[in-house]
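Peer 1: Pasting run_28.csv below, which is CSV, C-alpha atoms.
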chain,number,residue,atom,x,y,z
A,13,MET,CA,-20.6,-20.0,0.7
A,14,THR,CA,-18.4,-22.0,-1.5
A,15,THR,CA,-14.9,-22.8,-0.3
A,16,GLU,CA,-13.6,-22.9,-3.9
A,17,ARG,CA,-11.5,-19.8,-4.6
A,18,ASP,CA,-8.3,-18.6,-6.2
A,19,ARG,CA,-5.9,-18.7,-3.3
A,20,ALA,CA,-3.3,-17.0,-5.5
A,21,VAL,CA,-5.3,-13.8,-5.3
A,22,ASP,CA,-4.9,-13.8,-1.6
A,23,ALA,CA,-1.2,-14.4,-2.1
A,24,LEU,CA,-1.0,-11.3,-4.4
A,25,ARG,CA,-2.6,-9.2,-1.7
A,26,VAL,CA,-0.1,-10.4,0.8
A,27,VAL,CA,2.8,-9.6,-1.6
A,28,ALA,CA,1.3,-6.1,-1.9
A,29,ILE,CA,1.1,-5.6,1.9
A,30,LEU,CA,4.5,-6.9,2.6
A,31,GLY,CA,6.0,-4.9,-0.2
A,32,VAL,CA,4.7,-1.6,1.2
A,33,VAL,CA,5.7,-2.5,4.8
A,34,LEU,CA,9.2,-3.5,3.9
A,35,GLY,CA,9.6,-0.6,1.6
A,36,HIS,CA,8.7,1.9,4.3
A,37,TRP,CA,10.9,0.2,6.9
A,38,LEU,CA,13.9,0.1,4.6
A,39,VAL,CA,13.9,3.7,3.2
A,40,THR,CA,12.3,5.8,5.9
A,41,ALA,CA,15.0,7.2,8.2
A,42,LEU,CA,13.6,9.1,11.2
A,43,VAL,CA,16.5,11.4,12.1
A,44,VAL,CA,16.4,12.7,15.6
A,45,ASP,CA,18.4,15.9,16.3
A,46,GLY,CA,17.7,17.2,19.7
A,47,ASP,CA,14.1,18.2,19.8
A,48,ALA,CA,13.8,18.2,16.0
A,49,VAL,CA,12.6,15.2,14.0
A,50,ARG,CA,12.9,14.9,10.2
A,51,VAL,CA,12.6,12.2,7.6
A,52,ALA,CA,15.5,11.3,5.4
A,53,SER,CA,16.0,8.5,2.8
A,54,PRO,CA,19.0,6.4,1.7
A,55,LEU,CA,17.6,6.7,-1.8
A,56,ARG,CA,18.6,10.4,-1.8
A,57,ALA,CA,22.0,9.8,-0.2
A,58,VAL,CA,22.8,6.9,-2.5
A,59,PRO,CA,20.9,7.4,-5.8
A,60,GLY,CA,22.3,4.1,-7.1
A,61,LEU,CA,19.9,2.3,-4.7
A,62,ALA,CA,16.8,3.9,-6.4
A,63,PRO,CA,16.1,0.9,-8.7
A,64,ALA,CA,15.7,-1.3,-5.6
A,65,SER,CA,12.5,0.7,-4.9
A,66,TRP,CA,10.9,-1.0,-7.8
A,67,LEU,CA,10.8,-4.2,-5.7
A,68,PHE,CA,8.8,-2.6,-2.9
A,69,GLN,CA,6.3,-0.2,-4.7
A,70,THR,CA,3.5,-2.7,-4.8
A,71,LEU,CA,0.5,-0.4,-4.5
A,72,ALA,CA,-0.8,-1.2,-7.9
A,73,LEU,CA,-1.4,-4.8,-6.8
A,74,PHE,CA,-3.8,-3.6,-4.2
A,75,PHE,CA,-5.9,-1.8,-6.8
A,76,PHE,CA,-5.6,-4.6,-9.3
A,77,VAL,CA,-6.9,-7.2,-6.8
A,78,GLY,CA,-9.5,-4.6,-5.5
A,79,GLY,CA,-10.9,-4.1,-9.0
A,80,LEU,CA,-11.1,-7.9,-9.4
A,81,VAL,CA,-12.9,-8.4,-6.1
A,82,ALA,CA,-15.3,-5.5,-6.5
A,83,SER,CA,-16.3,-6.7,-9.9
A,84,ARG,CA,-16.8,-10.4,-9.2
A,85,PRO,CA,-19.3,-10.9,-6.4
A,86,SER,CA,-21.9,-13.5,-7.2
A,87,ALA,CA,-25.4,-12.1,-7.0
A,88,ALA,CA,-26.6,-15.6,-5.9
A,89,ARG,CA,-24.4,-15.7,-2.8
A,90,ARG,CA,-23.8,-12.1,-1.9
A,91,PRO,CA,-26.0,-9.2,-0.7
A,92,ALA,CA,-26.8,-6.4,-3.1
A,93,HIS,CA,-23.9,-4.2,-4.2
A,94,ARG,CA,-24.8,-1.4,-1.8
A,95,GLN,CA,-24.8,-3.8,1.2
A,96,TRP,CA,-21.6,-5.4,0.1
A,97,VAL,CA,-19.8,-2.1,-0.3
A,98,SER,CA,-21.1,-1.1,3.2
A,99,ALA,CA,-19.7,-4.2,4.7
A,100,ARG,CA,-16.4,-3.8,2.9
A,101,LEU,CA,-16.0,-0.2,3.9
A,102,GLN,CA,-16.7,-1.1,7.5
A,103,ARG,CA,-13.9,-3.6,7.4
A,104,LEU,CA,-11.6,-1.0,5.9
A,105,PHE,CA,-12.4,1.8,8.4
A,106,ARG,CA,-13.0,0.1,11.7
A,107,PRO,CA,-9.3,-0.2,12.2
A,108,VAL,CA,-8.8,3.4,11.2
A,109,ILE,CA,-11.1,4.6,14.0
A,110,VAL,CA,-8.9,2.7,16.5
A,111,LEU,CA,-5.7,4.1,15.0
A,112,VAL,CA,-7.1,7.7,15.2
A,113,ALA,CA,-8.3,7.1,18.8
A,114,VAL,CA,-5.0,5.7,20.0
A,115,TRP,CA,-2.9,8.4,18.4
A,116,SER,CA,-5.3,11.2,19.6
A,117,ALA,CA,-4.7,9.9,23.1
A,118,ILE,CA,-0.9,9.9,22.5
A,119,VAL,CA,-0.9,13.4,21.3
A,120,ILE,CA,-3.1,14.7,24.2
A,121,ALA,CA,-0.8,12.9,26.7
A,122,ALA,CA,2.3,14.3,24.9
A,123,THR,CA,0.8,17.8,25.0
A,124,LEU,CA,0.2,17.6,28.8
A,125,TRP,CA,3.6,16.1,29.3
A,126,ALA,CA,5.2,19.0,27.4
A,127,TYR,CA,3.9,21.4,30.0
A,128,VAL,CA,5.8,19.5,32.7
A,129,GLU,CA,8.9,18.6,30.7
A,130,PRO,CA,9.3,20.6,27.4
A,131,GLY,CA,11.2,19.1,24.5
A,132,GLY,CA,12.4,15.5,24.0
A,133,LEU,CA,9.9,12.8,23.3
A,134,ALA,CA,6.9,14.9,24.1
A,135,THR,CA,7.8,17.3,21.3
A,136,ALA,CA,8.6,14.5,18.9
A,137,LEU,CA,5.3,12.8,19.4
A,138,ARG,CA,3.4,16.0,18.5
A,139,SER,CA,5.6,16.9,15.5
A,140,HIS,CA,4.3,17.3,12.0
A,141,THR,CA,6.8,14.7,10.8
A,142,VAL,CA,5.6,12.0,13.2
A,143,LEU,CA,1.9,12.6,12.6
A,144,LYS,CA,2.4,12.7,8.9
A,145,LEU,CA,4.0,9.2,9.0
A,146,VAL,CA,1.2,7.9,11.1
A,147,ALA,CA,-1.5,9.2,8.8
A,148,SER,CA,0.3,8.4,5.5
A,149,PRO,CA,-1.5,5.0,5.0
A,150,LEU,CA,-4.9,6.8,5.2
A,151,TRP,CA,-4.7,8.4,1.7
A,152,PHE,CA,-4.6,4.9,0.2
A,153,LEU,CA,-7.7,3.8,2.0
A,154,LEU,CA,-9.6,6.9,0.9
A,155,VAL,CA,-8.8,6.4,-2.7
A,156,PHE,CA,-9.4,2.7,-2.5
A,157,ALA,CA,-12.8,3.2,-0.8
A,158,ALA,CA,-13.8,5.8,-3.4
A,159,LEU,CA,-13.0,3.5,-6.3
A,160,THR,CA,-14.8,0.6,-4.6
A,161,MET,CA,-18.0,2.8,-4.2
A,162,ALA,CA,-17.7,4.0,-7.8
A,163,LYS,CA,-17.4,0.5,-9.2
A,164,PRO,CA,-20.9,0.5,-10.9
A,165,LEU,CA,-19.6,3.6,-12.9
A,166,VAL,CA,-16.1,2.5,-13.6
A,167,GLY,CA,-16.3,-1.3,-13.6
A,168,ARG,CA,-16.4,-1.5,-17.4
A,169,LEU,CA,-14.3,1.5,-18.1
A,170,HIS,CA,-11.4,0.7,-20.4
A,171,PRO,CA,-8.1,1.3,-18.5
A,172,GLY,CA,-6.8,3.3,-21.5
A,173,TRP,CA,-9.1,6.2,-20.6
A,174,PRO,CA,-7.7,6.9,-17.1
A,175,LEU,CA,-4.2,6.2,-18.5
A,176,ALA,CA,-4.8,9.0,-21.1
A,177,VAL,CA,-5.9,11.3,-18.3
A,178,VAL,CA,-2.7,10.7,-16.4
A,179,ALA,CA,-0.6,11.4,-19.6
A,180,ALA,CA,-2.5,14.6,-20.3
A,181,VAL,CA,-2.1,15.8,-16.7
A,182,ASP,CA,1.7,15.1,-16.7
A,183,LEU,CA,2.0,16.8,-20.1
A,184,GLY,CA,0.2,19.9,-18.7
A,185,ARG,CA,2.2,20.2,-15.5
A,186,PHE,CA,5.6,19.2,-16.7
A,187,ALA,CA,5.6,20.7,-20.3
A,188,LEU,CA,2.8,23.3,-20.7
A,189,GLY,CA,3.0,25.2,-17.4
A,190,ALA,CA,-0.2,23.9,-15.8
A,191,PRO,CA,-0.6,24.5,-12.1
A,192,ALA,CA,1.1,21.9,-9.8
A,193,TRP,CA,-2.2,21.1,-8.1
A,194,THR,CA,-3.5,19.5,-11.3
A,195,GLY,CA,-1.2,16.6,-10.6
A,196,TRP,CA,-3.6,15.5,-7.8
A,197,ILE,CA,-6.1,14.5,-10.5
A,198,ASN,CA,-3.8,11.6,-11.0
A,199,LEU,CA,-4.5,10.4,-7.5
A,200,ALA,CA,-7.8,9.0,-8.8
A,201,ALA,CA,-7.0,8.5,-12.5
A,202,GLY,CA,-3.6,6.8,-11.8
A,203,TRP,CA,-4.9,4.2,-9.5
A,204,LEU,CA,-8.0,3.7,-11.6
A,205,VAL,CA,-5.8,2.1,-14.2
A,206,PRO,CA,-5.0,-1.0,-12.2
A,207,PHE,CA,-8.5,-1.0,-10.7
A,208,CYS,CA,-10.0,-1.2,-14.2
A,209,LEU,CA,-7.5,-3.9,-15.2
A,210,GLY,CA,-8.7,-5.9,-12.2
A,211,ALA,CA,-12.3,-5.4,-13.3
A,212,ALA,CA,-11.3,-6.6,-16.8
A,213,TRP,CA,-9.6,-9.6,-15.2
A,214,SER,CA,-12.9,-10.5,-13.5
A,215,ARG,CA,-14.6,-10.6,-17.0
A,216,GLY,CA,-12.0,-13.0,-18.3
A,217,ALA,CA,-10.0,-10.5,-20.3
A,218,PHE,CA,-6.6,-12.1,-19.4
A,219,ARG,CA,-7.1,-15.8,-20.2
A,220,SER,CA,-4.2,-15.6,-22.7
A,221,ARG,CA,-0.7,-15.4,-21.3
A,222,GLY,CA,0.2,-13.3,-24.3
A,223,VAL,CA,-1.9,-10.4,-22.9
A,224,ALA,CA,-0.1,-10.7,-19.6
A,225,TRP,CA,3.2,-10.6,-21.4
A,226,ALA,CA,2.1,-7.5,-23.3
A,227,LEU,CA,1.1,-5.7,-20.1
A,228,LEU,CA,4.5,-6.6,-18.5
A,229,ALA,CA,6.6,-5.7,-21.6
A,230,GLY,CA,4.6,-2.6,-22.5
A,231,GLY,CA,4.4,-1.3,-19.0
A,232,ALA,CA,8.1,-1.9,-18.2
A,233,GLY,CA,9.3,-0.6,-21.6
A,234,ALA,CA,7.2,2.6,-21.2
A,235,THR,CA,8.6,3.1,-17.6
A,236,VAL,CA,12.2,2.8,-18.8
A,237,VAL,CA,11.6,5.2,-21.6
A,238,LEU,CA,9.9,7.8,-19.3
A,239,VAL,CA,12.8,7.5,-16.8
A,240,ARG,CA,15.6,7.4,-19.3
A,241,TRP,CA,14.5,10.1,-21.8
A,242,PHE,CA,11.7,12.2,-20.2
A,243,GLY,CA,13.1,13.1,-16.8
A,244,TYR,CA,10.9,11.0,-14.5
A,245,PRO,CA,12.7,9.9,-11.3
A,246,VAL,CA,14.1,6.4,-11.1
A,247,SER,CA,12.7,5.9,-7.6
A,248,MET,CA,9.1,4.6,-7.5
A,249,VAL,CA,8.6,5.9,-4.0
A,250,GLY,CA,8.8,9.4,-2.6
A,251,VAL,CA,12.3,10.7,-1.8
A,252,PRO,CA,12.5,13.7,0.6
A,253,GLY,CA,13.8,16.8,-1.2
A,254,GLN,CA,13.4,15.4,-4.7
A,255,ARG,CA,11.8,17.8,-7.1
A,256,ILE,CA,9.4,15.3,-8.6
A,257,SER,CA,7.9,12.4,-6.8
A,258,ASN,CA,6.5,9.4,-8.8
A,259,LEU,CA,4.1,8.7,-6.0
A,260,ASN,CA,2.8,12.0,-4.6
A,261,PRO,CA,0.9,12.4,-6.8
A,262,PRO,CA,1.2,9.4,-9.1
A,263,THR,CA,3.0,10.1,-12.4
A,264,LEU,CA,2.7,8.5,-15.7
A,265,ALA,CA,5.8,6.5,-14.9
A,266,ALA,CA,4.3,5.1,-11.7
A,267,VAL,CA,1.2,4.1,-13.6
A,268,THR,CA,3.0,2.4,-16.4
A,269,PHE,CA,5.1,0.6,-13.8
A,270,GLY,CA,1.9,-0.5,-12.2
A,271,VAL,CA,0.7,-1.9,-15.5
A,272,ALA,CA,3.9,-3.9,-15.7
A,273,GLN,CA,3.2,-5.2,-12.2
A,274,CYS,CA,-0.3,-6.4,-13.2
A,275,GLY,CA,1.2,-8.3,-16.1
A,276,LEU,CA,3.8,-9.9,-13.9
A,277,ALA,CA,1.2,-10.9,-11.3
A,278,LEU,CA,-0.9,-12.6,-14.0
A,279,LEU,CA,2.1,-14.5,-15.2
A,280,LEU,CA,3.0,-15.6,-11.7
A,281,LEU,CA,-0.6,-16.9,-10.9
A,282,PRO,CA,0.1,-20.6,-12.0
A,283,ALA,CA,3.2,-20.8,-9.7
A,284,LEU,CA,1.3,-19.1,-6.8
A,285,ARG,CA,-1.6,-21.5,-7.2
A,286,ARG,CA,0.8,-24.5,-6.9
A,287,VAL,CA,2.4,-23.0,-3.8
A,288,MET,CA,-1.0,-22.2,-2.2
A,289,ARG,CA,-2.0,-25.9,-2.5
A,290,HIS,CA,0.3,-26.6,0.5
A,291,ASP,CA,-1.1,-26.0,4.0
A,292,GLY,CA,1.9,-24.1,5.4
A,293,PRO,CA,2.1,-21.3,2.8
A,294,TRP,CA,-1.7,-21.0,2.7
A,295,ARG,CA,-2.1,-20.7,6.4
A,296,THR,CA,0.5,-17.9,6.5
A,297,VAL,CA,-1.2,-16.1,3.6
A,298,SER,CA,-4.7,-16.5,5.2
A,299,ALA,CA,-3.4,-15.2,8.6
A,300,VAL,CA,-1.9,-12.1,7.0
A,301,ASN,CA,-5.1,-11.5,5.0
A,302,ARG,CA,-7.2,-11.7,8.1
A,303,SER,CA,-5.2,-8.8,9.6
A,304,ALA,CA,-4.3,-7.0,6.4
A,305,MET,CA,-5.6,-3.5,7.5
A,306,THR,CA,-4.1,-3.8,11.0
A,307,ILE,CA,-0.7,-4.6,9.5
A,308,PHE,CA,-1.0,-1.8,7.0
A,309,LEU,CA,-2.2,0.9,9.4
A,310,TRP,CA,0.2,0.1,12.3
A,311,HIS,CA,3.5,-0.6,10.5
A,312,GLN,CA,4.5,3.1,10.5
A,313,THR,CA,3.7,3.2,14.3
A,314,SER,CA,6.0,0.3,14.9
A,315,LEU,CA,8.8,2.1,13.0
A,316,LEU,CA,8.2,5.3,15.0
A,317,ALA,CA,8.1,3.5,18.3
A,318,VAL,CA,11.5,1.8,17.8
A,319,SER,CA,13.0,5.0,16.4
A,320,LEU,CA,11.8,7.3,19.2
A,321,LEU,CA,12.1,5.0,22.2
A,322,VAL,CA,15.5,3.4,21.6
A,323,PRO,CA,18.2,5.6,23.0
A,324,GLY,CA,20.3,7.0,20.2
A,325,PRO,CA,21.7,8.0,17.9
A,326,ARG,CA,21.9,4.4,16.6
A,327,ALA,CA,23.3,3.6,13.1
A,328,GLY,CA,20.6,2.6,10.7
A,329,LEU,CA,17.9,3.9,13.0
A,330,GLN,CA,18.1,7.6,14.0
A,331,THR,CA,21.2,8.6,12.0
A,332,ALA,CA,21.0,10.3,8.6
A,333,PRO,CA,21.8,7.9,5.7
A,334,SER,CA,25.1,8.8,4.1
A,335,ASP,CA,26.1,5.6,2.2
A,336,ALA,CA,25.0,2.1,1.6
A,337,SER,CA,26.3,0.9,5.0
A,338,TRP,CA,23.3,2.7,6.5
A,339,LEU,CA,20.9,0.3,4.7
A,340,PHE,CA,22.8,-2.7,5.9
A,341,ALA,CA,22.5,-1.4,9.5
A,342,ARG,CA,18.8,-0.7,8.9
A,343,VAL,CA,18.2,-4.4,8.0
A,344,LEU,CA,19.4,-5.3,11.5
A,345,TRP,CA,16.5,-3.2,13.0
A,346,LEU,CA,13.8,-4.9,10.9
A,347,PRO,CA,13.2,-7.7,13.6
A,348,GLY,CA,12.6,-4.9,16.1
A,349,PHE,CA,10.0,-3.2,13.9
A,350,ALA,CA,8.4,-6.6,13.3
A,351,LEU,CA,8.2,-7.3,17.1
A,352,VAL,CA,6.5,-4.0,17.8
A,353,LEU,CA,4.1,-4.6,14.9
A,354,ALA,CA,3.3,-8.0,16.4
A,355,GLY,CA,2.4,-6.3,19.6
A,356,CYS,CA,0.2,-3.8,17.8
A,357,TRP,CA,-1.4,-6.7,16.0
A,358,GLY,CA,-2.1,-8.5,19.3
A,359,LEU,CA,-3.8,-5.4,20.7
A,360,PHE,CA,-5.8,-4.2,17.7
A,361,HIS,CA,-6.5,-7.0,15.2
A,362,ARG,CA,-9.7,-7.9,16.8
A,363,TYR,CA,-11.3,-4.7,15.5
A,364,GLU,CA,-10.7,-5.8,12.0
A,365,ARG,CA,-12.2,-9.2,12.1
A,366,GLN,CA,-15.9,-9.7,11.6
A,367,ARG,CA,-17.8,-12.9,11.2
A,368,SER,CA,-19.6,-13.0,7.9
A,369,VAL,CA,-23.4,-12.9,8.3
A,370,ALA,CA,-23.6,-15.4,5.4
A,371,ALA,CA,-21.4,-18.0,7.1
A,372,SER,CA,-22.8,-21.0,8.6
A,373,PRO,CA,-22.0,-21.9,12.3
A,374,ALA,CA,-20.1,-24.9,11.0
A,375,ALA,CA,-18.0,-22.9,8.5
A,376,PRO,CA,-17.2,-19.4,9.7
A,377,ALA,CA,-15.6,-17.2,7.1
A,378,THR,CA,-12.4,-15.4,7.6
A,379,ALA,CA,-12.1,-11.8,6.6
A,380,ALA,CA,-10.1,-12.8,3.6
A,381,GLU,CA,-12.8,-15.2,2.6
A,382,GLU,CA,-15.5,-12.5,3.0
A,383,GLU,CA,-13.6,-10.3,0.5
A,384,LEU,CA,-12.3,-12.8,-1.9
A,385,ALA,CA,-14.8,-15.6,-2.1
A,386,GLN,CA,-16.1,-16.4,-5.6
A,387,VAL,CA,-12.8,-15.4,-7.2
A,388,ARG,CA,-11.9,-18.3,-9.4
Rewrite the structure from the file as structure tokens, please.
Peer 2:
Amino acid sequence: MTTERDRAVDALRVVAILGVVLGHWLVTALVVDGDAVRVASPLRAVPGLAPASWLFQTLALFFFVGGLVASRPSAARRPAHRQWVSARLQRLFRPVIVLVAVWSAIVIAATLWAYVEPGGLATALRSHTVLKLVASPLWFLLVFAALTMAKPLVGRLHPGWPLAVVAAVDLGRFALGAPAWTGWINLAAGWLVPFCLGAAWSRGAFRSRGVAWALLAGGAGATVVLVRWFGYPVSMVGVPGQRISNLNPPTLAAVTFGVAQCGLALLLLPALRRVMRHDGPWRTVSAVNRSAMTIFLWHQTSLLAVSLLVPGPRAGLQTAPSDASWLFARVLWLPGFALVLAGCWGLFHRYERQRSVAASPAAPATAAEEELAQVR
């Protein structure tokens, strides 16, 4: 296996992971009121903060890089596509099995505990709110896995086609009275747009910086128009109680925003490549990539652990957001979330790592290298 690769692609993946983690940690308030647990958001209490969500909605980068990686394996150095997909899916879903097993044990223990001491933590751990937060990262993996398996069918699909599907679905449900469930068509079509852009990237479609600027300007301009004149929410993440969510399911605004992100990522590649030449940044990026799924799957658990186990109510943790001061208080809790996540990493990251069968004993491949080798 060659060691030559585009380290900037690894860096983009890390940006996507950290964006999602920090976004959830900053805007998810788990309000504990007696035995009741509910989710609130500072973006609803202080609508002026909504534009900040644009910094942390980085899911399109996952699919952009995923489309690149799925479309660029070298036949000379990789197994057949079916074997490669199988190995990739194993890496995605081994950590899921561990998450489900651990939380199943927690729920069983909480159920037995509730018979002895009803209410309190036992009730919270079994609540729909808590379990929904734990399971929320799984929808992404299912869509990502489906697009990865469908790569032979969609690898050369022009991104304009799924973009048109998203626009048609939104037109139907927002203007023509189509059933609300039709919006879930966008769960596949919406994320297929950056995936197809990644596949086009692998074929050398974005060698010109002018194309990257066009993606950034066109995507950002379309998003502003949709938000300003067509009633789409400003927030690019879900806000409890909001009539329309840009994310669940994805709207046209979320997709055009993702197109802008892809353009920005392409423009930042030269700078990222310069940074990744230095050992310090590269080792950090490589370490995060080796445990990407562990971090992604367990970051909500770390938020829940701190929120439910720390005696409260504590400002910025278990209290309902009412003004911007809540967000400043929440920032102070981020090291606690990170510490618990580090503990989860220490316990569970081993289930994600797998030595590449193609690696030589003298040069074992990291998980990131298994996925992103041959990306130049």
Peer 1: What is the distance between atom CA of Pro293 of chain A and atom CA of Leu276 of chain A, in Å to one decimal?
Peer 2: 20.3 Å
Peer 1: To one decimal place, how far is atom CA of Leu34 of chain A from atom CA of Arg240 of chain A in Å?
Peer 2: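 Value for the atom CA of Leu34 of chain A-atom CA of Arg240 of chain A distance: 26.4 Å.
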Peer 1: What gap, in Å, lies between atom CA of Leu238 of chain A and atom CA of Phe186 of chain A?
Peer 2: 12.5 Å
Peer 1: Tell me which protein, DNA and RNA residues are within 9 Å of Trp213 of chain A, counting all atoms listed in the file, leaving out same-chain ones fewer than 5 positions away, and put them as an NGL selection string.
Peer 2: :A and (76 or 79-80 or 208 or 218-219)
Peer 1: Write a file of the just-selected residues containing C-alpha atoms, as a PDB file, in the coordinates of the input.
Peer 2:
ATOM      1  CA  PHE A  76      -5.600  -4.600  -9.300  1.00  0.00           C
ATOM      2  CA  GLY A  79     -10.900  -4.100  -9.000  1.00  0.00           C
ATOM      3  CA  LEU A  80     -11.100  -7.900  -9.400  1.00  0.00           C
ATOM      4  CA  CYS A 208     -10.000  -1.200 -14.200  1.00  0.00           C
ATOM      5  CA  PHE A 218      -6.600 -12.100 -19.400  1.00  0.00           C
ATOM      6  CA  ARG A 219      -7.100 -15.800 -20.200  1.00  0.00           C
TER       7      ARG A 219
END
Peer 1: Which residue gives the smallest distance to Leu359 of chain A among A:Val300, A:Ala187, A:Ala176, A:Leu111, with only C-alpha atoms counted?
Peer 2: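 The answer is A:Leu111, which sits nearest to Leu359 of chain A.
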Peer 1: Can you pull out the residues contacting Ala327 of chain A? Cut-off 12 Å, using only C-alpha atoms, and skip same-chain residues under 6 positions away; I want them as a list of chain:residue names.
Peer 2: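 Here the qualifying residues turn out to be A:Ala41, A:Leu42, A:Val43, A:Val44, A:Ser319, A:Pro333, A:Ser334, A:Asp335, A:Ala336, A:Ser337, A:Trp338, A:Leu339, A:Phe340, A:Ala341, A:Arg342, A:Val343, A:Leu344, A:Trp345.
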Peer 1: So that I can check the surroundings of Leu264 of chain A, please list as a list in words every protein, DNA and RNA residue that reaches within 7 Å of it, counting only C-alpha atoms and ignoring chain neighbours fewer than 5 positions away.
Peer 2: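 Answer for this query is Val178, Ala179 and Asp182 of chain A.
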Peer 1: Which residues are near Thr235 of chain A? Cut-off 8 Å, all atoms listed in the file, ignore same chain within fewer than 2 positions. Put them as a CSV table (one decimal) with C-alpha atoms, keeping the file's coordinate frame.
Peer 2:
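Below is the file that was written, part-v1.csv:
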chain,number,residue,atom,x,y,z
A,231,GLY,CA,4.4,-1.3,-19.0
A,232,ALA,CA,8.1,-1.9,-18.2
A,233,GLY,CA,9.3,-0.6,-21.6
A,237,VAL,CA,11.6,5.2,-21.6
A,238,LEU,CA,9.9,7.8,-19.3
A,239,VAL,CA,12.8,7.5,-16.8
A,265,ALA,CA,5.8,6.5,-14.9
A,266,ALA,CA,4.3,5.1,-11.7
A,268,THR,CA,3.0,2.4,-16.4
A,269,PHE,CA,5.1,0.6,-13.8
Peer 1: Which protein, DNA or RNA residues are at most 8 Å from (-7.0, 1.7, 10.8) in the file's coordinates when you count all atoms listed in the file, listed as a PyMOL selection string?
Peer 2: chain A and resi 104-112+150+305-306+308-310
Peer 1: Would you kindly identify which residues have an atom no farther than 9 Å from (0.6, -6.9, 0.4), using all atoms listed in the file and the file's own coordinates, and write them out as JSON, numbers by chain?
Peer 2: {"A": [23, 24, 25, 26, 27, 28, 29, 30, 31, 32, 33, 70, 71, 73, 74, 300, 301, 304, 308]}
Peer 1: Using only C-alpha atoms, which of A:Ser303, A:Ser83, A:Ser257, A:Thr123 sits nearest Trp196 of chain A?
Peer 2: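 Ranking A:Ser303, A:Ser83, A:Ser257, A:Thr123 by distance to Trp196 of chain A, first place goes to A:Ser257.
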Peer 1: Would you please work out which residue, of A:Ala162, A:Gly35, A:Ala350, A:Asn258, is nearest to Thr313 of chain A when using only C-alpha atoms?
Peer 2: A:Ala350
Peer 1: With a distance cut-off of 9 Å and all atoms listed in the file, select the neighbouring residues of Leu61 of chain A, excluding the residue or stretch itself and same-chain residues fewer than 6 positions from it, and output the selection as a PyMOL selection string.
Peer 2: chain A and resi 54-55+247+336
Peer 1: Pick out the closest residue to Gly270 of chain A from this set: A:Gly230, A:Gly216, A:Gly250, A:Gly292. Count all atoms listed in the file.
Peer 2: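 Checking each candidate against Gly270 of chain A, we get A:Gly230 as the closest.
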